[in-house]
Every structure is written in structure tokens, then in C-alpha cells.
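Data block for data-v7.json (JSON, C-alpha atoms):
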[["chain", "number", "residue", "atom", "x", "y", "z"],
["A", 500, "MET", "CA", 4.95, 105.14, 4.44],
["A", 501, "SER", "CA", 2.44, 102.33, 4.17],
["A", 502, "ARG", "CA", 2.96, 99.12, 6.09],
["A", 503, "GLY", "CA", 3.50, 96.16, 3.72],
["A", 504, "ALA", "CA", 1.65, 92.86, 3.84],
["A", 505, "PRO", "CA", 3.14, 90.05, 5.93],
["A", 506, "ALA", "CA", 5.77, 87.99, 4.10],
["A", 507, "ARG", "CA", 4.58, 84.62, 2.85],
["A", 508, "PRO", "CA", 6.77, 81.58, 2.38],
["A", 509, "GLY", "CA", 7.96, 81.39, -1.19],
["A", 510, "PRO", "CA", 7.45, 78.38, -3.42],
["A", 511, "ALA", "CA", 10.94, 77.07, -2.57],
["A", 512, "LEU", "CA", 10.03, 75.99, 0.99],
["A", 513, "PRO", "CA", 7.12, 73.65, 0.09],
["A", 514, "GLY", "CA", 9.27, 72.18, -2.67],
["A", 515, "LEU", "CA", 12.08, 71.44, -0.25],
["A", 516, "LEU", "CA", 9.65, 69.85, 2.20],
["A", 517, "LEU", "CA", 8.20, 67.67, -0.57],
["A", 518, "CYS", "CA", 11.67, 66.55, -1.71],
["A", 519, "GLY", "CA", 12.63, 65.69, 1.86],
["A", 520, "LEU", "CA", 9.46, 63.63, 2.33],
["A", 521, "VAL", "CA", 10.10, 61.69, -0.90],
["A", 522, "LEU", "CA", 13.70, 61.03, 0.09],
["A", 523, "PHE", "CA", 12.60, 59.79, 3.52],
["A", 524, "VAL", "CA", 10.10, 57.36, 1.96],
["A", 525, "LEU", "CA", 12.75, 56.09, -0.45],
["A", 526, "LEU", "CA", 15.19, 55.50, 2.38],
["A", 527, "LEU", "CA", 12.58, 53.53, 4.30],
["A", 528, "GLY", "CA", 11.86, 51.42, 1.26],
["A", 529, "SER", "CA", 15.54, 50.70, 0.56],
["A", 530, "ALA", "CA", 16.21, 49.77, 4.19],
["A", 531, "GLY", "CA", 13.30, 47.29, 4.15],
["A", 532, "THR", "CA", 14.60, 45.71, 0.93],
["A", 533, "ALA", "CA", 18.07, 45.24, 2.46],
["A", 534, "ARG", "CA", 16.57, 43.50, 5.45],
["A", 535, "ALA", "CA", 14.47, 41.26, 3.22],
["A", 536, "ASP", "CA", 17.57, 40.23, 1.22],
["A", 537, "GLY", "CA", 19.22, 38.75, 4.33],
["A", 538, "PRO", "CA", 18.75, 35.14, 5.48],
["A", 539, "GLY", "CA", 16.68, 36.20, 8.50],
["A", 540, "TRP", "CA", 18.48, 33.79, 10.85],
["A", 541, "THR", "CA", 21.93, 33.40, 12.42],
["A", 542, "ALA", "CA", 24.32, 30.55, 13.21],
["A", 543, "GLU", "CA", 27.10, 30.62, 15.80],
["A", 544, "PRO", "CA", 28.87, 28.36, 18.32],
["A", 545, "ALA", "CA", 26.67, 27.65, 21.32],
["A", 546, "ALA", "CA", 27.87, 29.02, 24.64],
["A", 547, "GLY", "CA", 28.52, 26.74, 27.57],
["A", 548, "ALA", "CA", 30.86, 24.24, 25.90],
["A", 549, "ALA", "CA", 33.46, 22.58, 28.07],
["A", 550, "ALA", "CA", 36.30, 24.30, 26.25],
["A", 551, "ARG", "CA", 34.88, 27.74, 27.01],
["A", 552, "PRO", "CA", 32.24, 27.78, 29.73],
["A", 553, "SER", "CA", 31.00, 31.35, 29.23],
["A", 554, "GLY", "CA", 30.95, 34.14, 26.70],
["A", 555, "PRO", "CA", 30.54, 34.11, 22.91],
["A", 556, "ARG", "CA", 32.89, 32.08, 20.75],
["A", 557, "PRO", "CA", 33.89, 33.30, 17.28],
["A", 558, "TYR", "CA", 34.58, 29.76, 16.10],
["A", 559, "PHE", "CA", 34.77, 26.12, 17.21],
["A", 560, "TYR", "CA", 38.06, 24.66, 18.45],
["A", 561, "LEU", "CA", 38.34, 20.88, 18.62],
["A", 562, "GLN", "CA", 41.39, 18.69, 19.16],
["A", 563, "GLY", "CA", 41.81, 14.92, 19.38],
["A", 564, "GLY", "CA", 43.83, 11.99, 18.15],
["A", 565, "PRO", "CA", 43.08, 9.66, 15.25],
["A", 566, "GLY", "CA", 40.01, 7.53, 15.99],
["A", 567, "SER", "CA", 38.52, 10.00, 18.48],
["A", 568, "VAL", "CA", 34.99, 11.42, 18.41],
["A", 569, "LEU", "CA", 34.76, 15.13, 19.27],
["A", 570, "GLU", "CA", 31.54, 16.90, 20.24],
["A", 571, "ASP", "CA", 30.21, 20.47, 20.20],
["A", 572, "ARG", "CA", 26.98, 22.40, 19.56],
["A", 573, "ILE", "CA", 25.82, 25.05, 17.09],
["A", 574, "ALA", "CA", 23.18, 27.67, 18.00],
["A", 575, "LEU", "CA", 20.60, 28.67, 15.37],
["A", 576, "ALA", "CA", 18.47, 31.77, 16.07],
["A", 577, "ASN", "CA", 15.27, 32.68, 14.20],
["A", 578, "PRO", "CA", 14.20, 36.23, 15.16],
["A", 579, "THR", "CA", 11.63, 36.46, 12.34],
["A", 580, "ASP", "CA", 7.86, 35.96, 12.42],
["A", 581, "ARG", "CA", 7.83, 32.84, 10.29],
["A", 582, "GLU", "CA", 9.10, 29.30, 10.61],
["A", 583, "ARG", "CA", 12.55, 28.45, 9.23],
["A", 584, "THR", "CA", 13.86, 25.09, 8.03],
["A", 585, "LEU", "CA", 17.66, 24.88, 7.91],
["A", 586, "THR", "CA", 19.88, 22.17, 6.50],
["A", 587, "LEU", "CA", 23.18, 21.49, 8.29],
["A", 588, "ARG", "CA", 26.35, 19.95, 6.85],
["A", 589, "GLY", "CA", 30.10, 19.85, 7.31],
["A", 590, "ALA", "CA", 32.33, 21.41, 4.67],
["A", 591, "ASP", "CA", 35.99, 21.69, 3.78],
["A", 592, "ALA", "CA", 37.03, 25.29, 4.46],
["A", 593, "TYR", "CA", 39.76, 27.60, 3.23],
["A", 594, "ASN", "CA", 40.77, 31.24, 3.43],
["A", 595, "THR", "CA", 40.45, 33.65, 0.53],
["A", 596, "ALA", "CA", 43.26, 36.07, -0.32],
["A", 597, "ASP", "CA", 41.70, 38.73, 1.94],
["A", 598, "GLY", "CA", 41.37, 36.30, 4.86],
["A", 599, "ALA", "CA", 37.63, 35.63, 4.59],
["A", 600, "LEU", "CA", 36.23, 32.17, 5.29],
["A", 601, "ALA", "CA", 35.05, 30.19, 2.26],
["A", 602, "VAL", "CA", 33.71, 26.65, 1.97],
["A", 603, "ARG", "CA", 33.79, 24.09, -0.81],
["A", 604, "PRO", "CA", 30.53, 22.77, -2.31],
["A", 605, "ALA", "CA", 29.06, 19.62, -0.84],
["A", 606, "ASP", "CA", 29.88, 16.27, -2.41],
["A", 607, "ARG", "CA", 26.69, 15.12, -4.18],
["A", 608, "SER", "CA", 27.11, 11.52, -3.08],
["A", 609, "THR", "CA", 27.60, 12.20, 0.63],
["A", 610, "GLY", "CA", 26.16, 15.70, 1.08],
["A", 611, "ALA", "CA", 29.36, 16.70, 2.94],
["A", 612, "GLY", "CA", 32.88, 17.75, 2.11],
["A", 613, "ALA", "CA", 35.27, 15.37, 0.39],
["A", 614, "GLY", "CA", 37.97, 15.97, 3.01],
["A", 615, "ALA", "CA", 37.70, 16.65, 6.74],
["A", 616, "GLY", "CA", 34.26, 18.17, 6.16],
["A", 617, "ALA", "CA", 32.96, 14.61, 5.75],
["A", 618, "TRP", "CA", 33.96, 13.88, 9.36],
["A", 619, "VAL", "CA", 31.18, 16.18, 10.65],
["A", 620, "GLY", "CA", 27.89, 14.49, 11.55],
["A", 621, "PHE", "CA", 24.55, 15.64, 13.02],
["A", 622, "GLY", "CA", 22.90, 12.30, 13.71],
["A", 623, "GLY", "CA", 19.24, 12.68, 12.82],
["A", 624, "ALA", "CA", 19.31, 16.49, 13.08],
["A", 625, "GLY", "CA", 20.68, 17.31, 9.63],
["A", 626, "THR", "CA", 17.49, 19.27, 8.95],
["A", 627, "VAL", "CA", 16.13, 21.55, 11.70],
["A", 628, "THR", "CA", 12.81, 23.40, 11.80],
["A", 629, "ILE", "CA", 12.90, 26.51, 14.01],
["A", 630, "PRO", "CA", 9.63, 28.23, 15.06],
["A", 631, "PRO", "CA", 9.35, 32.03, 14.93],
["A", 632, "ARG", "CA", 11.38, 33.99, 17.51],
["A", 633, "THR", "CA", 13.06, 30.80, 18.73],
["A", 634, "ARG", "CA", 16.63, 29.67, 19.25],
["A", 635, "ALA", "CA", 17.67, 26.06, 18.71],
["A", 636, "VAL", "CA", 20.90, 24.38, 19.85],
["A", 637, "VAL", "CA", 21.96, 21.42, 17.72],
["A", 638, "PRO", "CA", 24.76, 19.02, 18.78],
["A", 639, "PHE", "CA", 27.20, 17.63, 16.24],
["A", 640, "THR", "CA", 30.21, 15.32, 16.24],
["A", 641, "VAL", "CA", 33.53, 15.21, 14.41],
["A", 642, "THR", "CA", 34.69, 11.60, 13.95],
["A", 643, "VAL", "CA", 38.43, 11.60, 13.24],
["A", 644, "PRO", "CA", 39.41, 8.56, 11.11],
["A", 645, "PRO", "CA", 42.04, 6.22, 12.58],
["A", 646, "GLY", "CA", 44.48, 7.07, 9.79],
["A", 647, "ALA", "CA", 43.98, 10.84, 9.86],
["A", 648, "ALA", "CA", 47.14, 12.88, 9.34],
["A", 649, "PRO", "CA", 48.22, 15.01, 12.30],
["A", 650, "GLY", "CA", 47.97, 18.77, 12.11],
["A", 651, "ASP", "CA", 45.30, 21.35, 11.36],
["A", 652, "HIS", "CA", 42.33, 20.48, 9.15],
["A", 653, "PRO", "CA", 40.23, 23.49, 8.08],
["A", 654, "VAL", "CA", 36.53, 22.66, 8.46],
["A", 655, "ALA", "CA", 33.26, 24.59, 8.72],
["A", 656, "VAL", "CA", 29.73, 23.85, 9.87],
["A", 657, "VAL", "CA", 27.31, 25.23, 7.28],
["A", 658, "ALA", "CA", 23.63, 26.12, 7.76],
["A", 659, "ALA", "CA", 21.59, 26.70, 4.60],
["A", 660, "GLU", "CA", 18.06, 27.69, 3.61],
["A", 661, "ALA", "CA", 16.66, 28.72, 0.20],
["A", 662, "GLY", "CA", 20.05, 29.60, -1.27],
["A", 663, "HIS", "CA", 21.36, 31.42, 1.82],
["A", 664, "GLU", "CA", 24.33, 29.90, 3.66],
["A", 665, "ALA", "CA", 26.12, 30.75, 6.91],
["A", 666, "ALA", "CA", 29.43, 29.03, 7.68],
["A", 667, "VAL", "CA", 31.02, 28.80, 11.13],
["A", 668, "ARG", "CA", 34.72, 27.97, 11.22],
["A", 669, "VAL", "CA", 35.96, 24.86, 13.00],
["A", 670, "HIS", "CA", 39.63, 24.89, 14.04],
["A", 671, "LEU", "CA", 40.21, 21.15, 14.04],
["A", 672, "ARG", "CA", 43.61, 19.81, 15.12],
["A", 673, "VAL", "CA", 44.53, 16.13, 14.98],
["A", 674, "SER", "CA", 47.09, 15.22, 17.64],
["A", 675, "GLY", "CA", 50.54, 14.09, 16.53],
["A", 676, "PRO", "CA", 53.75, 15.69, 15.22],
["A", 677, "GLN", "CA", 53.15, 19.36, 14.39],
["A", 678, "VAL", "CA", 55.33, 20.80, 11.61],
["A", 679, "ALA", "CA", 55.53, 24.58, 11.08],
["A", 680, "ALA", "CA", 57.19, 25.30, 7.73],
["A", 681, "LEU", "CA", 56.75, 27.88, 4.98],
["A", 682, "THR", "CA", 58.47, 29.35, 1.94],
["A", 683, "VAL", "CA", 58.46, 32.82, 0.40],
["A", 684, "GLU", "CA", 58.67, 32.98, -3.39],
["A", 685, "ASP", "CA", 58.46, 35.34, -6.38],
["A", 686, "VAL", "CA", 59.64, 38.51, -4.59],
["A", 687, "ARG", "CA", 59.34, 41.50, -6.92],
["A", 688, "VAL", "CA", 59.58, 45.28, -6.61],
["A", 689, "ARG", "CA", 57.07, 47.37, -8.52],
["A", 690, "GLY", "CA", 56.37, 51.09, -8.81],
["A", 691, "ARG", "CA", 58.50, 54.08, -7.95],
["A", 692, "GLY", "CA", 58.65, 56.70, -5.23],
["A", 693, "GLY", "CA", 55.92, 56.63, -2.65],
["A", 694, "ALA", "CA", 53.99, 54.11, -4.77],
["A", 695, "THR", "CA", 56.69, 51.42, -4.54],
["A", 696, "VAL", "CA", 55.36, 48.03, -3.43],
["A", 697, "VAL", "CA", 56.85, 44.58, -2.89],
["A", 698, "THR", "CA", 54.87, 41.57, -4.10],
["A", 699, "TYR", "CA", 55.62, 38.08, -2.83],
["A", 700, "THR", "CA", 54.03, 34.63, -2.49],
["A", 701, "LEU", "CA", 53.75, 32.66, 0.75],
["A", 702, "VAL", "CA", 53.30, 28.88, 0.82],
["A", 703, "ASN", "CA", 52.51, 26.87, 3.96],
["A", 704, "ARG", "CA", 54.63, 23.71, 3.66],
["A", 705, "GLY", "CA", 53.73, 22.34, 7.11],
["A", 706, "ASN", "CA", 50.63, 20.84, 8.69],
["A", 707, "VAL", "CA", 49.59, 23.65, 11.07],
["A", 708, "ALA", "CA", 48.01, 27.04, 10.43],
["A", 709, "LEU", "CA", 50.48, 29.94, 10.58],
["A", 710, "ALA", "CA", 50.26, 33.65, 11.43],
["A", 711, "PRO", "CA", 53.32, 34.94, 9.51],
["A", 712, "GLN", "CA", 55.31, 38.11, 10.09],
["A", 713, "LEU", "CA", 57.26, 39.93, 7.37],
["A", 714, "ALA", "CA", 60.44, 42.05, 7.53],
["A", 715, "LEU", "CA", 62.09, 43.84, 4.59],
["A", 716, "THR", "CA", 65.80, 44.72, 4.54],
["A", 717, "ALA", "CA", 67.55, 46.53, 1.70],
["A", 718, "ASP", "CA", 71.19, 46.84, 0.65],
["A", 719, "GLY", "CA", 72.07, 49.38, -2.06],
["A", 720, "LEU", "CA", 75.26, 50.33, -3.86],
["A", 721, "LEU", "CA", 74.99, 53.82, -2.40],
["A", 722, "GLY", "CA", 74.09, 52.78, 1.15],
["A", 723, "GLU", "CA", 71.37, 50.99, 3.05],
["A", 724, "PRO", "CA", 67.89, 52.25, 2.17],
["A", 725, "PRO", "CA", 65.30, 51.92, 4.94],
["A", 726, "GLY", "CA", 63.30, 48.69, 4.78],
["A", 727, "ARG", "CA", 60.32, 47.71, 6.88],
["A", 728, "THR", "CA", 60.38, 46.43, 10.44],
["A", 729, "ARG", "CA", 58.83, 43.08, 11.28],
["A", 730, "ARG", "CA", 55.06, 43.27, 11.16],
["A", 731, "PRO", "CA", 52.15, 40.76, 11.02],
["A", 732, "VAL", "CA", 50.93, 39.62, 7.61],
["A", 733, "PRO", "CA", 47.13, 40.14, 7.32],
["A", 734, "VAL", "CA", 46.35, 36.50, 6.55],
["A", 735, "GLU", "CA", 46.05, 33.17, 8.35],
["A", 736, "LEU", "CA", 48.04, 30.71, 6.24],
["A", 737, "LEU", "CA", 46.41, 27.28, 6.30],
["A", 738, "PRO", "CA", 48.31, 24.04, 5.59],
["A", 739, "GLY", "CA", 49.04, 23.77, 1.88],
["A", 740, "GLN", "CA", 47.74, 27.27, 1.15],
["A", 741, "ARG", "CA", 49.50, 29.54, -1.36],
["A", 742, "VAL", "CA", 48.71, 33.26, -1.36],
["A", 743, "GLU", "CA", 50.17, 36.28, -3.17],
["A", 744, "LEU", "CA", 50.52, 39.44, -1.05],
["A", 745, "THR", "CA", 51.60, 43.04, -1.50],
["A", 746, "GLU", "CA", 53.56, 45.15, 0.99],
["A", 747, "PRO", "CA", 54.04, 48.95, 0.60],
["A", 748, "TRP", "CA", 57.66, 50.18, 0.63],
["A", 749, "PRO", "CA", 57.59, 53.93, 1.25],
["A", 750, "GLY", "CA", 61.34, 54.04, 1.96],
["A", 751, "ALA", "CA", 62.38, 52.93, -1.52],
["A", 752, "PRO", "CA", 65.31, 55.00, -2.91],
["A", 753, "VAL", "CA", 65.11, 57.35, -5.87],
["A", 754, "PHE", "CA", 68.51, 56.50, -7.40],
["A", 755, "ASP", "CA", 70.25, 53.21, -6.59],
["A", 756, "ARG", "CA", 70.55, 49.52, -7.33],
["A", 757, "VAL", "CA", 69.05, 47.63, -4.38],
["A", 758, "ARG", "CA", 69.09, 44.04, -3.23],
["A", 759, "LEU", "CA", 65.90, 43.53, -1.21],
["A", 760, "THR", "CA", 65.45, 40.61, 1.22],
["A", 761, "ALA", "CA", 61.99, 39.51, 2.38],
["A", 762, "GLU", "CA", 62.17, 37.46, 5.59],
["A", 763, "VAL", "CA", 59.05, 35.70, 6.87],
["A", 764, "THR", "CA", 58.75, 34.01, 10.28],
["A", 765, "ALA", "CA", 55.97, 32.28, 12.22],
["A", 766, "ALA", "CA", 55.48, 30.49, 15.53],
["A", 767, "GLY", "CA", 56.94, 27.03, 15.78],
["A", 768, "GLY", "CA", 60.30, 27.95, 14.27],
["A", 769, "ALA", "CA", 59.07, 28.55, 10.71],
["A", 770, "ARG", "CA", 61.40, 30.89, 8.79],
["A", 771, "ALA", "CA", 62.05, 31.61, 5.13],
["A", 772, "GLU", "CA", 63.55, 34.38, 3.03],
["A", 773, "ALA", "CA", 63.94, 35.35, -0.61],
["A", 774, "THR", "CA", 65.65, 38.22, -2.41],
["A", 775, "ALA", "CA", 65.01, 40.45, -5.41],
["A", 776, "THR", "CA", 67.15, 43.04, -7.21],
["A", 777, "ALA", "CA", 65.69, 46.34, -8.40],
["A", 778, "TRP", "CA", 67.05, 49.43, -10.17],
["A", 779, "PHE", "CA", 65.81, 52.86, -9.17],
["A", 780, "LEU", "CA", 66.55, 55.58, -11.74],
["A", 781, "PRO", "CA", 64.90, 59.04, -11.95],
["A", 782, "TRP", "CA", 63.94, 58.75, -15.62],
["A", 783, "GLY", "CA", 61.65, 61.78, -15.46],
["A", 784, "ILE", "CA", 64.49, 64.10, -14.48],
["A", 785, "ALA", "CA", 66.82, 62.58, -17.07],
["A", 786, "ALA", "CA", 64.30, 63.03, -19.87],
["A", 787, "ARG", "CA", 64.17, 66.80, -19.26],
["A", 788, "THR", "CA", 67.89, 67.28, -20.02],
["A", 789, "GLY", "CA", 69.65, 66.81, -23.35],
["A", 790, "ALA", "CA", 72.36, 64.52, -22.01],
["A", 791, "GLY", "CA", 70.39, 63.15, -19.07],
["A", 792, "LEU", "CA", 70.89, 59.45, -19.74],
["A", 793, "LEU", "CA", 74.61, 59.81, -20.33],
["A", 794, "GLY", "CA", 74.97, 61.92, -17.20],
["A", 795, "LEU", "CA", 73.10, 59.38, -15.09],
["A", 796, "ALA", "CA", 75.29, 56.56, -16.36],
["A", 797, "GLY", "CA", 78.46, 58.52, -15.57],
["A", 798, "LEU", "CA", 77.18, 59.52, -12.14],
["A", 799, "PHE", "CA", 76.26, 55.97, -11.27],
["A", 800, "LEU", "CA", 79.66, 54.65, -12.41],
["A", 801, "ALA", "CA", 81.48, 57.31, -10.39],
["A", 802, "ALA", "CA", 79.38, 56.56, -7.30],
["A", 803, "ARG", "CA", 80.11, 52.87, -7.62],
["A", 804, "LEU", "CA", 83.87, 53.50, -7.90],
["A", 805, "LEU", "CA", 83.74, 55.74, -4.83],
["A", 806, "VAL", "CA", 81.89, 53.07, -2.83],
["A", 807, "ARG", "CA", 84.50, 50.50, -3.79]]

Would you mind giving the structure from this file in C-alpha cells?
Amino acid sequence: MSRGAPARPGPALPGLLLCGLVLFVLLLGSAGTARADGPGWTAEPAAGAAARPSGPRPYFYLQGGPGSVLEDRIALANPTDRERTLTLRGADAYNTADGALAVRPADRSTGAGAGAGAWVGFGGAGTVTIPPRTRAVVPFTVTVPPGAAPGDHPVAVVAAEAGHEAAVRVHLRVSGPQVAALTVEDVRVRGRGGATVVTYTLVNRGNVALAPQLALTADGLLGEPPGRTRRPVPVELLPGQRVELTEPWPGAPVFDRVRLTAEVTAAGGARAEATATAWFLPWGIAARTGAGLLGLAGLFLAARLLVR
């Protein structure tokens, strides 16, 4: 038997290597593009404020009475290799339905928000030039008008450059009577089986921000279906804010007429509830029998008489 020639790598191996190299180059290019699309700078509350002497702060917290002047500082970092020029302003802030911070556009006449955002001032530092790889700390003030209403006023400090904006939340509370009040409206039951959900609308009727909690209780003609225990609602409800939410209800019955109560509570004694009535009928099963609908009606009537 003759000894064969040594095996050589087939054409598949170089092709795989070439594809891998192309993919690697493409990944490098896409990663560089993503970095270039970012603002290239950051804005955050400066550490070392009197309210919190050490550690990072996720937001500003300021409190004072009408006529007071409150002070804090924002830190702007430029880690890039080129100079940055940022414009600072105050803005009226609000929460989106998913809880994200959003700000209203600046008033063209003042360059600030039309509400509490106009109380924010930077003196002569409204425009800041930051050299490469440098961090700047800029002080600002919040001048509360003498006739300001007590309660929470959602505000943000906004830094902007060439169409890019970064907003830092300011939890601003004006001293005075604090009213925690809310309502729950438009409770509805949708879907069937494991896909059943409860939709409802929350409205903050007070003057302080609320962290609501929701509980669902159910009362059916054929018993008490399981509801949902009290649990936090994934939204911070600002004064005057209205938001529509959805809560899963995996314990919804298959066959019953249910009166569902949605009870919402929050700190400060805020409490509200609303009810909705829903029918649960297994239409799919009934459709597969000749007298399904009539049988369901008779069964439901008999069950109701037995319950009585």
C-alpha cells in the first residue's frame, strides 16, 4: 500500500477565515459610528453639595419657601480630544408614560421654561467652553418667586450642544401645605385567560409627587377569584399628571361575572378606588357544541340560583 500525500486544508477554511475577518472589520466600524453619534460629554450633579457631602447623586434635590434662593452645582465632563461649548438652561420637566424624564422646549423670549424652569439661573455662565479631557463645575441658582405655590415643581437643568441635549432632574419642593391626593379612573378588563389585563388611569390631584401602589380584588357570582396583592406602580406620578397603565391579571376566571375593584394608595394618606364589571364566558368551548350557548345560559342561571 502506498502512503498518500499529506492532507491539505480545503477551500472552506480560508473562506471561513476571510468571512470572519470581514465581520470583525464591520463590527469595528459600527462600534466607532455608535460612539461618534453620542454627544461626547456628560452632565450630572456635582458631588460635595451640602445636602449630600459624598458620593454620586442621581438628581438634584432642593427645598425652600417662597422668595428663597436655592443653590447647587452641575458637573460637565469632556473626555474627548476636542473643545466643547455647552449651553445651559432650566426647563419644565415631566415624566413620560414609561417613567423617563422629558423636558419642554425653551421659551423663545426667555430661553428658559415657561413654568418653574424659568426660576433656574446661571449668572454669566449660561454658555460654558470645556477644554479636551477636562471637567467643569458650574453653579446655578433657583429663585423661588414670592407667590410660588407650595408643593413639588418638576424642573430639569439641560445642557445642549449641536442638537444633543442632556437633562438632569431637579426635585424642587416649595415649602407650605403638602397635599397628597389622586384618583383612579376608566378601569376596564380586557383579554381572556392568561392574557387578561386590567387598564386604568391615574391622576395626581395633589401638589406632591406620588409613588402609587395598586391592589386588585375581585368578587364573582360563583365565588371570589384571586386578584392581585398590593404592589408598586412603575411610575412616579407628578402633580397634575395623568397616565394610563396596564396591569396583568393571571388569576382571571374562565366562567363568571366579576366585579373588579382597583384600589390605589400612596404616601401621605392618598387613596382612591374604582370598579369595573366583566363577563367571562368560554365561547370557544360553546361554539364546538350544537346547543353550547343555550347550555351555558342554563348553567349560569342554575349556578346563580344555587348561590342565592

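Proximity of A:Ala761, A:Val641, A:Ala648, A:Val678 to Tyr699 of chain A, computed with all atoms listed in the file, is greatest for A:Ala761.
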
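Among the candidates A:Val732, A:Val627, A:Ala751, A:Leu561, the residue lying nearest to Gly693 of chain A is A:Ala751 (atoms considered: only C-alpha atoms).
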
Leaving out Pro638 of chain A and any residue of its chain fewer than 6 positions from it, which residues lie within 8 Å of it when counting only C-alpha atoms, given as JSON, numbers by chain?
{"A": [570, 571, 572, 573, 621]}

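Comparing A:Thr745, A:Thr682, A:Asn594, A:Thr584 by their smallest distance to Ala769 of chain A, the closest is A:Thr682 (using only C-alpha atoms).
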
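For the atom pair formed by atom CA of Ala679 of chain A and atom CA of Ala599 of chain A, the distance is 22.0 Å, given to one decimal.
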
Using only C-alpha atoms and a cutoff of 7 Å, can you tell me which residues are near (64.8, 51.9, -5.9) in the file's coordinates, and write them out as number ranges by chain?
A: 691, 751-757, 777-779

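Among the candidates A:Val636, A:Ser567, A:Thr774, A:Tyr560, the one nearest to Ala546 of chain A when counting only C-alpha atoms is A:Val636.
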
Would you list the residues near (59.0, 27.0, 15.8), meaning any protein, DNA or RNA residue with an atom at most 10 Å from that point in file coordinates, counting only C-alpha atoms, as an MDAnalysis selection string?
chainID A and resid 677:680 764:770

Do you know which residues are at most 9 Å from Thr642 of chain A counting only C-alpha atoms, after dropping those on the same chain fewer than 6 positions away, and could you put them as a PyMOL selection string?
chain A and resi 565-570+617-620

Could you write out the selected residues, including C-alpha atoms, as a compact mmCIF listing (two decimals), in the frame of the given file?
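What ended up in result.txt:
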# COMPACT_ATOMS: atom_id res chain seq x y z
CA PRO A 565 43.08 9.66 15.25
CA GLY A 566 40.01 7.53 15.99
CA SER A 567 38.52 10.00 18.48
CA VAL A 568 34.99 11.42 18.41
CA LEU A 569 34.76 15.13 19.27
CA GLU A 570 31.54 16.90 20.24
CA ALA A 617 32.96 14.61 5.75
CA TRP A 618 33.96 13.88 9.36
CA VAL A 619 31.18 16.18 10.65
CA GLY A 620 27.89 14.49 11.55

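Relative to atom CA of Leu671 of chain A, atom CA of Val643 of chain A is found at 9.7 Å.
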
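Atom pair atom CA of Gly614 of chain A / atom CA of Arg741 of chain A: separated by 18.3 Å.
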
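For the residues A:Ala635, A:Leu759, A:Ala658, A:Ala545, ranking by smallest atom-to-atom distance to Val696 of chain A using all atoms listed in the file places A:Leu759 first.
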
Residue with smallest distance to Tyr593 of chain A - pool A:Gly739, A:Gly726, A:Gly623, A:Gly646, counting only C-alpha atoms
A:Gly739

Box for segment 591-599 of chain A - axis-aligned, 6 Å on each of the six sides, all listed atoms - centre and size in Å to one decimal, as JSON.
{"center_x": 39.6, "center_y": 30.2, "center_z": 2.3, "size_x": 19.3, "size_y": 29.0, "size_z": 17.2}
